[in-house]
Amino acid sequence: MRLSRYFLPVLKENPAEAQIVSHRLMLRAGMIKQQAAGIYSWLPLGYRVLRRIEEIVHEEQIRAGHIPLLMPTLQPADLWRESGRYDDYGQEMLRIRDRHERDLLYGPTNEEMITDIFRAHVESYRQLPLTLYHIQWKFRDEVRPRFGVMRGREFLMKDGYNFDIDRDSALHAYNRHMVSYLRTYERMGLTAIPMRAASGPIGGDDTHEFLVLAATGESEGFYDDRVTRLKLGDRQIDYDDRAQVKAVCEEFTSLYARTDETHDEAAFAAVPEEHRKAGRGIEVGQIFYFGTKYSEPMGAMVVNERGERVPVHMGSHGIGVSRLVGAIIEASHDEKGIIWPEGVTPFHCGIVNLRQGDGAADAACEALHAGLVARGLAPLYDDRDERAGAKFATMDLIGLPWRITVGPRGLAEGRVELTSRRTGESEAMSPEAAVDRIAQIYADR
RNA sequence: CGGAGUGUAGCGCAGCCUGGUAGCGCACUUGCUUCGGGAGCAAGGGGCCGGAGGUUCGAAUCCUCUCACUCCGACCA
């Protein structure tokens, strides 16, 4: 992509309304535009990151054997009257009436609807286990939206629902989600700690929240800091292997890690003092096992092997997709701007032409651009007629992890410069070597 | 929902107290010079001063009402 033909409205100054760093940087980098309290347009750069995060979530859900579908944003109120939540949910639920005076609502979550789909089409235990999920916009009419996309009213969320014949099978689904979530966050360059949490209005006995540590987080957690060093890495996981999946969960949950709601001072005191940490975190996901809470009242039953009609065991699991964009920035930035992890970066690298209009520099940049595209990569070439400083400042702000700098001085010796946004370190090399290096960096992502 | 604020050019702000031709910086347009970390000079363009009512010869400024947004607290992916 050539920057001169792109739409990247960056701001030099901080917008007054943005208090926290991710919100400021998203506005300055031209990623979002606010349209109303807690409601945002995603401008091209922000949209690319959002899509990238969505892709990773999809890939890891599918890898775990979960099946994507898509449910609507608007739901009939009757479905929610059935579960009893239409009245319980309160002011947070946006209620709408159509031209025929029928009550609708903009979905804040989808337990009722997925249960409706399930009961219409599944009759037998032979069709289980089943996990369905979608990534769809939600609306919760928060009293006080804030922090940009981290606490919007409209937000994009992956929500998944498992249906199992019994508790053991449902708990395996729970564990499977935990492992798939750990891998999802790791691919985004995040350390997200699963913490035992309180269940809240969705209900159920088992639940973990995934917290990305950040001073601006809204949740409080207490943990053994050795948990932050655990890595899933590239180990192979067989998601059908209950014992293996359970072992991974135990590895990641045996150290103390709880939110303030379930915090237990006595248990925490057993953690060696040098590892005892309390801190704030951004909740980027949560998993629940809630048994037959929805299946029973809504009649989601299957026939078991003894011919009896039994309610299915369910769980639900969410990842805050749009919130993750903010969370990643909170976890990865410096005073100059964003630093995207390679896994979610909107463009794989930037190309900065120091002397636009110089024949050799222009040609070298074009060749680099073409070379990277030929390798299946997406470079952003700053071909504007701007001075070097302005181009560097823009690149640093929007946070592409790698930058190739091209100028007449270096080109005279056949060299360009490859710079890491994270470390600031530069290395001179031939243009071909730079393309090879970038391709290699992204080879397994 | 309680408390505190703010609405003036795309962004950041001044002007309001004490009514009298709407201003500054950045951004934008044109030209010249410059060109390895947000350049300089010159000339331009852009405003229903959030909205509605009122007071006044005259309102960005005073009064009333209203809408929107932000921040602090209690609640939530």
# chains A, B, ... in the order shown; residues from 1 in each chain; ligands from 1
>>> select_by_dssp(residues="stretch 52-199 of chain A", states="strand (DSSP E)", output="number ranges by chain")
A: 67-68, 74-76, 94-97, 103-106, 130-139, 154-164, 192-196
>>> interface_residues(of="chain B", to="chain A", cutoff="12 Å", atoms="only C-alpha atoms (C1' of nucleotides)", output="list in words")
C1, U6, G10, C11, G12, C13, G25, C26, A27, U34, C35, G36, G37, G38, A39, A68, C69, U70, C71, C72, G73, A74, C75, C76 and A77 of chain B
>>> residues_around(residues="A:Tyr161", least_positions_apart="6", cutoff="12 Å", atoms="only C-alpha atoms (C1' of nucleotides)", output="PyMOL selection string")
chain A and resi 61+66-69+109-115+117-118+129-134+170+173-174+177+287-291+294-295+312-318
>>> select_by_dssp(residues="stretch 44-113 of chain A", states="alpha helix (DSSP H)", output="MDAnalysis selection string")
chainID A and resid 44:63 77:83 85:88 111:113
>>> atom_distance(atom1="atom CA of A:Ile135", atom2="atom CA of A:Thr184")
14.4 Å
>>> closest_residue(among="A:Glu250, A:Asp240, A:Asp382, A:Glu425", to="A:Met1", atoms="only C-alpha atoms")
A:Asp382
>>> atom_distance(atom1="atom CA of A:Val122", atom2="atom CA of A:Thr73")
23.3 Å
>>> residues_around(residues="stretch 324-337 of chain A", least_positions_apart="3", cutoff="8 Å", atoms="only C-alpha atoms (C1' of nucleotides)", output="list in words")
Val21, Ser22, His23, Leu25, Met26, Val49, Leu50, Ile53, Gly148, Val149, Met150, Met188, Gly189, Leu190, Val212, Leu213, Ala214, Thr216, Ile282, Val284, Gly320, Val321, Trp340, Pro341, Ala393, Asp396, Leu397, Ile398 and Gly399 of chain A
>>> residues_around(residues="B:A9", least_positions_apart="5", cutoff="12 Å", atoms="only C-alpha atoms (C1' of nucleotides)", output="list in words")
A22, G23, C24, C26, A27, C28, G45, G46, G47 and C49 of chain B
>>> write_last_selection(atoms="C-alpha atoms (C1' of nucleotides)", output="compact mmCIF listing (two decimals), in the first residue's frame")
# COMPACT_ATOMS: atom_id res chain seq x y z
C1' A B 22 -14.39 36.02 15.76
C1' G B 23 -8.70 35.23 16.96
C1' C B 24 -3.90 32.10 17.77
C1' C B 26 -1.11 22.96 14.03
C1' A B 27 -3.39 20.97 9.67
C1' C B 28 -5.15 22.54 4.50
C1' G B 45 -9.17 29.35 1.97
C1' G B 46 -12.16 27.61 5.80
C1' G B 47 -16.90 29.44 11.49
C1' C B 49 -19.24 30.48 18.64
>>> residues_around(residues="A:Pro379", least_positions_apart="3", cutoff="12 Å", atoms="only C-alpha atoms (C1' of nucleotides)", output="count of residues only")
34
>>> atom_distance(atom1="atom CA of A:Ser420", atom2="atom CA of A:Gly233")
22.4 Å
>>> closest_residue(among="A:Val416, A:Pro76, A:Tyr47, A:Leu105", to="A:Gly90", atoms="only C-alpha atoms")
A:Leu105
